[in-house]
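Data block for start.txt (compact mmCIF, C-alpha atoms):
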# COMPACT_ATOMS: atom_id res chain seq x y z
CA MET A 1 85.09 -145.71 -49.26
CA GLU A 2 85.28 -147.13 -52.75
CA LYS A 3 83.59 -150.39 -53.54
CA ALA A 4 84.64 -152.90 -56.15
CA SER A 5 82.90 -155.88 -57.60
CA ASN A 6 85.83 -158.28 -57.93
CA TYR A 7 87.52 -159.81 -54.98
CA TYR A 8 91.29 -160.04 -54.87
CA THR A 9 93.11 -158.57 -57.80
CA SER A 10 96.59 -159.35 -56.47
CA ASP A 11 98.98 -162.12 -57.48
CA LEU A 12 98.08 -164.32 -54.52
CA THR A 13 95.77 -166.62 -56.37
CA LEU A 14 95.95 -169.64 -54.12
CA LYS A 15 92.91 -169.72 -51.90
CA VAL A 16 93.06 -171.97 -48.89
CA ASN A 17 90.40 -172.95 -46.46
CA ARG A 18 92.48 -173.65 -43.36
CA PRO A 19 90.54 -176.65 -42.06
CA LYS A 20 91.32 -178.43 -45.30
CA MET A 21 95.05 -177.82 -44.87
CA SER A 22 95.23 -179.91 -41.76
CA LYS A 23 92.95 -182.28 -39.95
CA GLN A 24 94.12 -181.21 -36.51
CA LYS A 25 92.03 -178.96 -34.35
CA LEU A 26 93.77 -175.69 -33.59
CA PHE A 27 92.51 -173.69 -30.61
CA ALA A 28 93.89 -170.96 -28.36
CA LEU A 29 93.47 -170.62 -24.62
CA ARG A 30 93.94 -167.20 -23.07
CA LEU A 31 94.37 -167.21 -19.31
CA ASP A 32 92.62 -165.01 -16.78
CA HIS A 33 90.43 -162.66 -18.81
CA ARG A 34 88.79 -159.84 -16.89
CA PRO A 35 86.12 -157.99 -18.89
CA HIS A 36 86.86 -154.32 -18.33
CA ARG A 37 90.60 -154.47 -17.84
CA ASP A 38 91.32 -156.80 -20.76
CA MET A 39 88.73 -155.95 -23.43
CA ARG A 40 91.14 -154.54 -25.98
CA VAL A 41 94.00 -156.98 -25.50
CA SER A 42 91.60 -159.96 -25.46
CA THR A 43 89.88 -158.68 -28.60
CA HIS A 44 93.25 -158.42 -30.35
CA ILE A 45 94.15 -161.98 -29.31
CA ALA A 46 90.85 -163.43 -30.50
CA LEU A 47 91.04 -161.57 -33.83
CA VAL A 48 94.62 -162.73 -34.41
CA ALA A 49 93.56 -166.32 -33.66
CA ARG A 50 90.74 -165.96 -36.20
CA ALA A 51 92.68 -164.15 -38.94
CA PHE A 52 95.63 -166.53 -38.67
CA GLY A 53 93.44 -169.59 -39.11
CA MET A 54 92.60 -171.06 -35.73
CA ASP A 55 89.31 -172.89 -35.14
CA GLY A 56 88.50 -171.00 -31.98
CA ILE A 57 89.58 -169.59 -28.64
CA PHE A 58 88.81 -170.26 -24.99
CA PHE A 59 89.17 -167.62 -22.29
CA SER A 60 89.56 -168.56 -18.66
CA GLY A 61 88.55 -165.97 -16.07
CA VAL A 62 85.34 -163.96 -15.93
CA PRO A 63 82.61 -164.72 -18.53
CA ASP A 64 82.25 -161.87 -21.05
CA THR A 65 79.31 -161.80 -23.45
CA LYS A 66 80.40 -158.44 -24.88
CA LEU A 67 83.70 -159.90 -26.03
CA CYS A 68 81.88 -162.83 -27.63
CA GLU A 69 79.46 -160.49 -29.41
CA LYS A 70 82.32 -158.42 -30.74
CA ILE A 71 84.10 -161.43 -32.22
CA ASN A 72 80.88 -162.95 -33.56
CA GLU A 73 80.14 -159.67 -35.32
CA VAL A 74 83.49 -159.97 -37.10
CA ASN A 75 82.57 -163.55 -38.08
CA GLU A 76 79.26 -162.30 -39.40
CA ASN A 77 80.87 -159.61 -41.54
CA PHE A 78 84.14 -161.21 -42.57
CA GLY A 79 83.09 -164.85 -42.68
CA GLY A 80 84.26 -168.15 -41.27
CA ASN A 81 83.04 -170.03 -38.23
CA PHE A 82 85.58 -169.12 -35.57
CA LEU A 83 84.45 -170.14 -32.09
CA ILE A 84 84.82 -168.17 -28.89
CA LYS A 85 84.04 -169.26 -25.36
CA THR A 86 84.68 -167.25 -22.20
CA GLY A 87 84.53 -168.09 -18.48
CA CYS A 88 86.29 -171.44 -18.86
CA GLU A 89 88.26 -173.18 -16.14
CA TRP A 90 91.78 -173.33 -17.57
CA LYS A 91 92.82 -176.61 -16.00
CA LYS A 92 89.68 -178.34 -17.18
CA VAL A 93 90.20 -177.10 -20.75
CA ILE A 94 93.76 -178.40 -20.71
CA LYS A 95 92.87 -181.74 -19.08
CA ASP A 96 90.01 -182.35 -21.50
CA TRP A 97 92.29 -181.47 -24.41
CA GLN A 98 95.01 -183.84 -23.28
CA SER A 99 92.59 -186.65 -22.42
CA GLN A 100 91.34 -186.47 -26.01
CA GLY A 101 94.87 -186.93 -27.30
CA GLY A 102 95.67 -183.28 -28.01
CA GLU A 103 98.85 -181.46 -27.05
CA ILE A 104 99.52 -178.19 -25.26
CA ILE A 105 101.83 -175.50 -26.58
CA HIS A 106 102.54 -172.67 -24.17
CA LEU A 107 103.96 -169.44 -25.59
CA THR A 108 106.35 -167.84 -23.12
CA MET A 109 109.54 -165.77 -23.29
CA TYR A 110 111.19 -168.47 -21.13
CA GLY A 111 110.56 -171.31 -23.59
CA LEU A 112 112.64 -172.87 -26.35
CA PRO A 113 113.04 -170.72 -29.47
CA LEU A 114 110.28 -171.22 -32.05
CA PRO A 115 112.71 -172.07 -34.90
CA GLU A 116 114.06 -174.99 -32.84
CA VAL A 117 110.69 -176.65 -32.19
CA ILE A 118 108.33 -175.59 -34.95
CA GLU A 119 109.10 -178.47 -37.27
CA LYS A 120 108.38 -181.06 -34.61
CA ILE A 121 105.12 -179.29 -33.76
CA VAL A 122 104.04 -179.03 -37.40
CA ASN A 123 104.87 -182.68 -38.06
CA SER A 124 102.83 -183.96 -35.13
CA SER A 125 99.33 -185.04 -36.06
CA LYS A 126 97.86 -184.19 -32.65
CA ASP A 127 95.29 -181.48 -32.03
CA LYS A 128 96.92 -178.28 -30.80
CA LEU A 129 95.94 -176.01 -27.94
CA ILE A 130 98.06 -172.86 -27.89
CA VAL A 131 98.11 -171.26 -24.45
CA VAL A 132 98.93 -167.59 -23.98
CA GLY A 133 99.27 -166.16 -20.52
CA GLY A 134 97.75 -163.23 -18.73
CA PRO A 135 99.62 -161.12 -16.18
CA LYS A 136 100.18 -164.12 -13.92
CA VAL A 137 100.90 -167.53 -15.40
CA PRO A 138 100.47 -170.50 -13.00
CA ARG A 139 103.85 -172.10 -12.48
CA GLU A 140 102.49 -175.60 -13.10
CA LEU A 141 101.57 -174.68 -16.67
CA TYR A 142 105.28 -174.91 -17.56
CA SER A 143 105.34 -178.60 -16.62
CA ILE A 144 101.84 -179.43 -17.93
CA ALA A 145 102.64 -178.03 -21.39
CA ASN A 146 104.10 -180.38 -24.01
CA TYR A 147 106.05 -177.43 -25.39
CA ASN A 148 107.07 -174.12 -23.87
CA VAL A 149 107.93 -171.95 -26.85
CA SER A 150 109.53 -168.51 -26.98
CA ILE A 151 109.11 -165.96 -29.73
CA THR A 152 112.42 -164.29 -28.85
CA ASN A 153 113.50 -164.23 -25.20
CA GLN A 154 112.59 -160.56 -24.84
CA PRO A 155 109.47 -159.24 -23.13
CA HIS A 156 106.89 -158.09 -25.68
CA SER A 157 103.31 -159.18 -26.37
CA GLU A 158 101.26 -162.37 -26.29
CA ILE A 159 99.32 -160.97 -29.25
CA ALA A 160 102.50 -160.71 -31.30
CA ALA A 161 103.73 -164.09 -30.06
CA LEU A 162 100.53 -165.81 -31.20
CA ALA A 163 100.64 -164.17 -34.63
CA VAL A 164 104.27 -165.08 -35.29
CA PHE A 165 103.72 -168.63 -34.03
CA LEU A 166 100.75 -169.08 -36.37
CA ASP A 167 102.63 -167.56 -39.31
CA TYR A 168 105.35 -170.19 -38.84
CA TYR A 169 102.83 -172.96 -38.14
CA HIS A 170 100.87 -172.26 -41.31
CA LYS A 171 104.00 -171.66 -43.35
CA ARG A 172 102.77 -168.19 -44.28
CA GLN A 173 99.55 -169.48 -45.83
CA GLU A 174 97.44 -167.06 -43.77
CA PHE A 175 97.72 -164.63 -46.66
CA ASN A 176 95.73 -167.06 -48.77
CA PHE A 177 92.99 -168.04 -46.34
CA GLU A 178 89.40 -167.81 -47.52
CA PHE A 179 86.68 -167.12 -44.98
CA LYS A 180 83.39 -168.63 -46.10
CA ASN A 181 80.19 -166.60 -46.20
CA ALA A 182 81.91 -163.24 -45.80
CA LYS A 183 79.67 -160.22 -46.27
CA ILE A 184 82.64 -157.91 -46.63
CA LYS A 185 85.83 -158.68 -48.53
CA ILE A 186 88.73 -156.26 -48.48
CA ILE A 187 90.38 -155.73 -51.84
CA PRO A 188 94.12 -155.13 -51.43
CA SER A 189 94.91 -151.66 -52.67
CA LYS A 190 98.02 -149.57 -53.21
CA ASN A 191 96.68 -146.46 -51.56
CA GLY A 192 92.99 -146.64 -50.85
CA LYS A 193 90.31 -148.45 -48.88
CA LYS A 194 88.51 -150.87 -51.15
CA PHE A 195 86.11 -153.61 -50.35
CA ALA A 196 83.42 -155.70 -51.96
CA THR A 197 80.08 -156.51 -50.32
CA MET B 1 113.02 -168.78 -10.21
CA GLU B 2 116.17 -170.67 -11.12
CA LYS B 3 119.25 -168.80 -12.17
CA ALA B 4 121.95 -170.01 -14.50
CA SER B 5 125.38 -168.68 -15.24
CA ASN B 6 125.58 -169.36 -18.97
CA TYR B 7 123.57 -167.43 -21.44
CA TYR B 8 121.92 -169.28 -24.32
CA THR B 9 122.41 -172.99 -24.37
CA SER B 10 120.32 -173.57 -27.50
CA ASP B 11 121.45 -174.24 -31.06
CA LEU B 12 120.93 -170.68 -32.16
CA THR B 13 124.51 -169.61 -31.95
CA LEU B 14 124.46 -166.71 -34.34
CA LYS B 15 124.27 -163.49 -32.37
CA VAL B 16 123.28 -160.40 -34.28
CA ASN B 17 123.29 -156.79 -33.25
CA ARG B 18 120.52 -155.43 -35.45
CA PRO B 19 122.07 -152.05 -36.27
CA LYS B 20 125.01 -153.89 -37.81
CA MET B 21 122.68 -155.87 -40.09
CA SER B 22 121.48 -152.81 -41.91
CA LYS B 23 122.49 -149.19 -42.07
CA GLN B 24 118.95 -147.94 -42.42
CA LYS B 25 117.13 -146.38 -39.52
CA LEU B 26 114.04 -148.33 -38.55
CA PHE B 27 111.41 -146.54 -36.48
CA ALA B 28 107.72 -147.00 -35.75
CA LEU B 29 105.06 -144.33 -35.49
CA ARG B 30 101.90 -145.13 -33.56
CA LEU B 31 99.02 -142.74 -34.16
CA ASP B 32 96.82 -141.09 -31.58
CA HIS B 33 97.98 -142.45 -28.21
CA ARG B 34 95.85 -141.56 -25.20
CA PRO B 35 97.48 -142.41 -21.86
CA HIS B 36 94.76 -144.15 -19.89
CA ARG B 37 92.83 -145.75 -22.72
CA ASP B 38 95.84 -147.04 -24.63
CA MET B 39 98.44 -147.91 -21.99
CA ARG B 40 98.44 -151.66 -22.53
CA VAL B 41 98.12 -151.71 -26.31
CA SER B 42 100.77 -148.99 -26.67
CA THR B 43 103.10 -150.85 -24.31
CA HIS B 44 102.69 -154.00 -26.40
CA ILE B 45 103.46 -152.08 -29.59
CA ALA B 46 106.57 -150.43 -28.17
CA LEU B 47 107.86 -153.73 -26.75
CA VAL B 48 107.29 -155.52 -30.06
CA ALA B 49 109.16 -152.73 -31.87
CA ARG B 50 112.06 -153.14 -29.42
CA ALA B 51 112.15 -156.96 -29.33
CA PHE B 52 111.93 -157.22 -33.12
CA GLY B 53 114.86 -154.90 -33.65
CA MET B 54 113.61 -151.38 -34.33
CA ASP B 55 115.66 -148.36 -33.31
CA GLY B 56 112.75 -146.59 -31.66
CA ILE B 57 109.12 -145.53 -31.71
CA PHE B 58 107.22 -142.26 -31.89
CA PHE B 59 103.72 -141.84 -30.52
CA SER B 60 101.45 -139.06 -31.70
CA GLY B 61 98.68 -137.97 -29.38
CA VAL B 62 98.92 -137.08 -25.71
CA PRO B 63 102.41 -137.07 -24.08
CA ASP B 64 102.84 -139.96 -21.66
CA THR B 65 105.83 -140.09 -19.32
CA LYS B 66 104.58 -143.28 -17.66
CA LEU B 67 104.68 -145.17 -20.95
CA CYS B 68 108.23 -143.89 -21.57
CA GLU B 69 109.33 -144.94 -18.09
CA LYS B 70 107.88 -148.40 -18.58
CA ILE B 71 109.77 -148.95 -21.84
CA ASN B 72 112.97 -147.43 -20.49
CA GLU B 73 112.81 -149.81 -17.55
CA VAL B 74 112.72 -152.72 -20.01
CA ASN B 75 115.76 -151.21 -21.77
CA GLU B 76 117.52 -150.93 -18.43
CA ASN B 77 116.88 -154.57 -17.55
CA PHE B 78 117.00 -156.28 -20.93
CA GLY B 79 119.49 -154.04 -22.70
CA GLY B 80 119.73 -152.14 -25.95
CA ASN B 81 119.15 -148.48 -26.59
CA PHE B 82 115.62 -148.43 -27.97
CA LEU B 83 114.20 -144.91 -28.17
CA ILE B 84 110.67 -143.82 -27.29
CA LYS B 85 109.09 -140.42 -27.76
CA THR B 86 105.46 -139.54 -27.06
CA GLY B 87 103.33 -136.48 -27.80
CA CYS B 88 104.62 -136.09 -31.37
CA GLU B 89 102.71 -134.42 -34.21
CA TRP B 90 102.25 -137.24 -36.71
CA LYS B 91 102.41 -135.15 -39.86
CA LYS B 92 105.59 -133.45 -38.73
CA VAL B 93 107.25 -136.80 -37.96
CA ILE B 94 106.33 -138.06 -41.42
CA LYS B 95 107.34 -134.87 -43.24
CA ASP B 96 110.69 -134.72 -41.44
CA TRP B 97 111.27 -138.39 -42.22
CA GLN B 98 110.52 -137.94 -45.91
CA SER B 99 112.50 -134.70 -46.19
CA GLN B 100 115.53 -136.62 -44.91
CA GLY B 101 115.11 -139.21 -47.64
CA GLY B 102 113.29 -141.85 -45.61
CA GLU B 103 110.21 -143.77 -46.68
CA ILE B 104 106.86 -144.43 -45.03
CA ILE B 105 105.32 -147.88 -44.70
CA HIS B 106 101.77 -147.93 -43.42
CA LEU B 107 100.41 -151.20 -42.07
CA THR B 108 96.71 -151.54 -42.86
CA MET B 109 94.29 -154.35 -43.68
CA TYR B 110 93.45 -152.46 -46.89
CA GLY B 111 97.01 -152.48 -48.24
CA LEU B 112 98.90 -154.77 -50.60
CA PRO B 113 99.78 -158.19 -49.15
CA LEU B 114 103.14 -158.27 -47.34
CA PRO B 115 104.53 -161.14 -49.45
CA GLU B 116 104.03 -159.04 -52.61
CA VAL B 117 105.95 -156.01 -51.41
CA ILE B 118 108.42 -157.16 -48.76
CA GLU B 119 111.28 -157.82 -51.15
CA LYS B 120 111.11 -154.36 -52.65
CA ILE B 121 111.01 -152.85 -49.15
CA VAL B 122 113.95 -154.92 -47.92
CA ASN B 123 116.01 -154.09 -51.00
CA SER B 124 115.52 -150.35 -50.68
CA SER B 125 118.34 -148.60 -48.85
CA LYS B 126 116.11 -145.85 -47.48
CA ASP B 127 115.37 -145.31 -43.78
CA LYS B 128 112.03 -146.85 -42.81
CA LEU B 129 109.22 -145.41 -40.75
CA ILE B 130 106.53 -148.02 -40.07
CA VAL B 131 103.19 -146.41 -39.26
CA VAL B 132 100.52 -148.26 -37.31
CA GLY B 133 97.13 -146.70 -36.83
CA GLY B 134 94.96 -146.04 -33.87
CA PRO B 135 91.15 -146.29 -33.92
CA LYS B 136 90.89 -143.58 -36.58
CA VAL B 137 93.47 -143.38 -39.34
CA PRO B 138 93.54 -140.08 -41.27
CA ARG B 139 92.54 -140.75 -44.85
CA GLU B 140 95.46 -138.79 -46.26
CA LEU B 141 97.93 -141.23 -44.70
CA TYR B 142 97.03 -143.72 -47.44
CA SER B 143 98.31 -141.37 -50.12
CA ILE B 144 101.25 -139.98 -48.11
CA ALA B 145 102.61 -143.50 -47.44
CA ASN B 146 105.10 -144.98 -49.90
CA TYR B 147 103.63 -148.39 -49.15
CA ASN B 148 100.30 -149.46 -47.69
CA VAL B 149 100.87 -153.03 -46.57
CA SER B 150 98.40 -155.62 -45.30
CA ILE B 151 99.17 -158.53 -43.00
CA THR B 152 96.16 -160.48 -44.28
CA ASN B 153 93.04 -158.55 -45.28
CA GLN B 154 91.22 -159.55 -42.11
CA PRO B 155 90.69 -157.31 -39.09
CA HIS B 156 93.06 -158.22 -36.25
CA SER B 157 95.73 -156.27 -34.41
CA GLU B 158 98.30 -153.60 -35.17
CA ILE B 159 100.54 -155.28 -32.59
CA ALA B 160 100.44 -158.56 -34.52
CA ALA B 161 100.83 -156.75 -37.84
CA LEU B 162 103.99 -154.99 -36.68
CA ALA B 163 105.51 -158.23 -35.34
CA VAL B 164 104.85 -160.20 -38.52
CA PHE B 165 106.09 -157.34 -40.70
CA LEU B 166 109.35 -157.16 -38.72
CA ASP B 167 109.78 -160.95 -38.78
CA TYR B 168 109.64 -160.82 -42.59
CA TYR B 169 111.75 -157.67 -42.77
CA HIS B 170 114.53 -159.16 -40.64
CA LYS B 171 114.28 -162.55 -42.30
CA ARG B 172 113.63 -164.18 -38.94
CA GLN B 173 116.86 -162.91 -37.42
CA GLU B 174 115.02 -161.48 -34.39
CA PHE B 175 115.65 -164.81 -32.69
CA ASN B 176 119.35 -164.05 -32.79
CA PHE B 177 119.38 -160.42 -31.71
CA GLU B 178 121.72 -159.42 -28.91
CA PHE B 179 120.76 -156.52 -26.67
CA LYS B 180 123.84 -154.81 -25.28
CA ASN B 181 124.27 -154.14 -21.58
CA ALA B 182 121.39 -156.37 -20.51
CA LYS B 183 121.12 -156.92 -16.76
CA ILE B 184 118.80 -159.88 -17.26
CA LYS B 185 119.14 -162.55 -19.92
CA ILE B 186 116.50 -165.22 -20.31
CA ILE B 187 117.87 -168.70 -20.86
CA PRO B 188 115.59 -170.73 -23.13
CA SER B 189 114.23 -173.66 -21.19
CA LYS B 190 112.10 -176.70 -21.92
CA ASN B 191 109.84 -176.30 -18.92
CA GLY B 192 111.11 -173.72 -16.46
CA LYS B 193 111.86 -170.06 -15.97
CA LYS B 194 115.59 -169.52 -16.18
CA PHE B 195 117.58 -166.37 -16.46
CA ALA B 196 121.06 -165.04 -15.88
CA THR B 197 121.84 -161.74 -14.19
Would you give me this structure, written as structure tokens?
Amino acid sequence: MEKASNYYTSDLTLKVNRPKMSKQKLFALRLDHRPHRDMRVSTHIALVARAFGMDGIFFSGVPDTKLCEKINEVNENFGGNFLIKTGCEWKKVIKDWQSQGGEIIHLTMYGLPLPEVIEKIVNSSKDKLIVVGGPKVPRELYSIANYNVSITNQPHSEIAALAVFLDYYHKRQEFNFEFKNAKIKIIPSKNGKKFAT
Amino acid sequence: MEKASNYYTSDLTLKVNRPKMSKQKLFALRLDHRPHRDMRVSTHIALVARAFGMDGIFFSGVPDTKLCEKINEVNENFGGNFLIKTGCEWKKVIKDWQSQGGEIIHLTMYGLPLPEVIEKIVNSSKDKLIVVGGPKVPRELYSIANYNVSITNQPHSEIAALAVFLDYYHKRQEFNFEFKNAKIKIIPSKNGKKFAT
């Protein structure tokens, strides 16, 4: 791999530290993680949450130190202070969130289309907990959630749903996010693999 | 689950059949699929490609009839004529595509930021093959590709990258896509699970 000494030679000059964009907390909750079965999908979800500017992610289900280590290694190398916590009790996470004045946004193919609700969500000053399901979503989640939101009404992927939601939520600013204390910074390149350390 | 007789009661009244939006073919190529290891991630990728309006997907690596059956079952229930083919030789797929005048877009965290290149890609009338990597991406792909495109320069997920790319490519029209001959149609709902059959 080539190395380069200057970070970011593209036209995207605006650098944004997400927490400064908004004062609201922005966390994800992934339901029903099981270590062996879900390692790859859960890793994708956590990395999407991090890259697209969330503060952290909770996993309900079985505690998983390996998953935490994996994500913390990415933090170490690529910067930021994204939080991950596994083995949570989903109802407790949601109740605590709501009792502290936050709201719950559940991503589901059955919900209202993102373009219909995103403005209301963005304009609300409440902390946001974005819930993405596992194979089985408890029916009561649909009534507990302040918003059930669909990213198309077709079956696809909770990983994709979270990314598209966050792209809309952040108004495409994820391309400008800075991650503090990064050891590695990728340098966008036309046809190579460049990074600065 | 509740059923309802009318499809789509939301404000999104524009219905679009993707192939009528553009004359270009739009396929994905996923590198290095291995049946057991990759079943879930590959399913997510194929379903994202379908839901976000691609014509089909090729998988290089080991042939996998189960994966094809899974995706074809979604076609059967939710409509459309999305194509899936596994066990392809990646270089042959790319060479054939290019020899027929199509172009290759490789999604990678090392590439140029999507917002910088998307307009040029959208304005080109060539057929598009969107390549998403597996764990190891052959180095030569970076030079073979007409575009290496990054969806942020952070590590995350090829599933998320494909979804965000297609959302930009289709100018958010995926929320209006119609899938012909669907047996099941989800009806967007504030807090329930509704569908029409």
Counting all atoms listed in the file, which residues of chain B come no farther than 6 Å from chain A, as an mmCIF file with C-alpha atoms, in the frame of the given file?
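To be explicit, this is the file written out as selection26.cif:
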data_model
loop_
_atom_site.group_PDB
_atom_site.id
_atom_site.type_symbol
_atom_site.label_atom_id
_atom_site.label_comp_id
_atom_site.auth_asym_id
_atom_site.auth_seq_id
_atom_site.Cartn_x
_atom_site.Cartn_y
_atom_site.Cartn_z
ATOM 1 C CA HIS B 44 102.690 -154.000 -26.400
ATOM 2 C CA LEU B 47 107.860 -153.730 -26.750
ATOM 3 C CA VAL B 48 107.290 -155.520 -30.060
ATOM 4 C CA ALA B 51 112.150 -156.960 -29.330
ATOM 5 C CA TYR B 110 93.450 -152.460 -46.890
ATOM 6 C CA GLY B 111 97.010 -152.480 -48.240
ATOM 7 C CA LEU B 112 98.900 -154.770 -50.600
ATOM 8 C CA TYR B 142 97.030 -143.720 -47.440
ATOM 9 C CA SER B 143 98.310 -141.370 -50.120
ATOM 10 C CA ASN B 148 100.300 -149.460 -47.690
ATOM 11 C CA THR B 152 96.160 -160.480 -44.280
ATOM 12 C CA ASN B 153 93.040 -158.550 -45.280
ATOM 13 C CA GLN B 154 91.220 -159.550 -42.110
ATOM 14 C CA HIS B 156 93.060 -158.220 -36.250
ATOM 15 C CA SER B 157 95.730 -156.270 -34.410
ATOM 16 C CA ILE B 159 100.540 -155.280 -32.590
ATOM 17 C CA ALA B 160 100.440 -158.560 -34.520
ATOM 18 C CA ALA B 163 105.510 -158.230 -35.340
ATOM 19 C CA VAL B 164 104.850 -160.200 -38.520
ATOM 20 C CA PHE B 175 115.650 -164.810 -32.690
ATOM 21 C CA ILE B 186 116.500 -165.220 -20.310
ATOM 22 C CA PRO B 188 115.590 -170.730 -23.130
ATOM 23 C CA SER B 189 114.230 -173.660 -21.190
ATOM 24 C CA LYS B 190 112.100 -176.700 -21.920
ATOM 25 C CA ASN B 191 109.840 -176.300 -18.920
ATOM 26 C CA LYS B 193 111.860 -170.060 -15.970
#
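The space separating CA of Phe27 (chain A) from CA of Lys128 (chain A) comes to 6.4 Å.
What separates CA of Gly134 (chain B) from CA of Val93 (chain B) is a distance of 15.9 Å.
One distance worth recording is that between CA of Ile118 (chain B) and CA of Ile104 (chain B), which is 13.4 Å.
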Would you compute, for all listed atoms of region 65-72 of chain A, the axis-aligned bounding box grown by 6 Å on each side, and then report its centre and edge lengths in Å rounded to one decimal, as lines of an AutoDock Vina configuration file?
center_x = 81.7
center_y = -160.7
center_z = -28.5
size_x = 16.8
size_y = 16.5
size_z = 22.1
Please determine the residues with any atom at most 9 Å from (105.2, -147.2, -35.8) (coordinates as given in the file, with all atoms listed in the file counting) and report them as a ChimeraX atom specification. /B:27-31,45-46,49,56-59,105-107,129-133,162
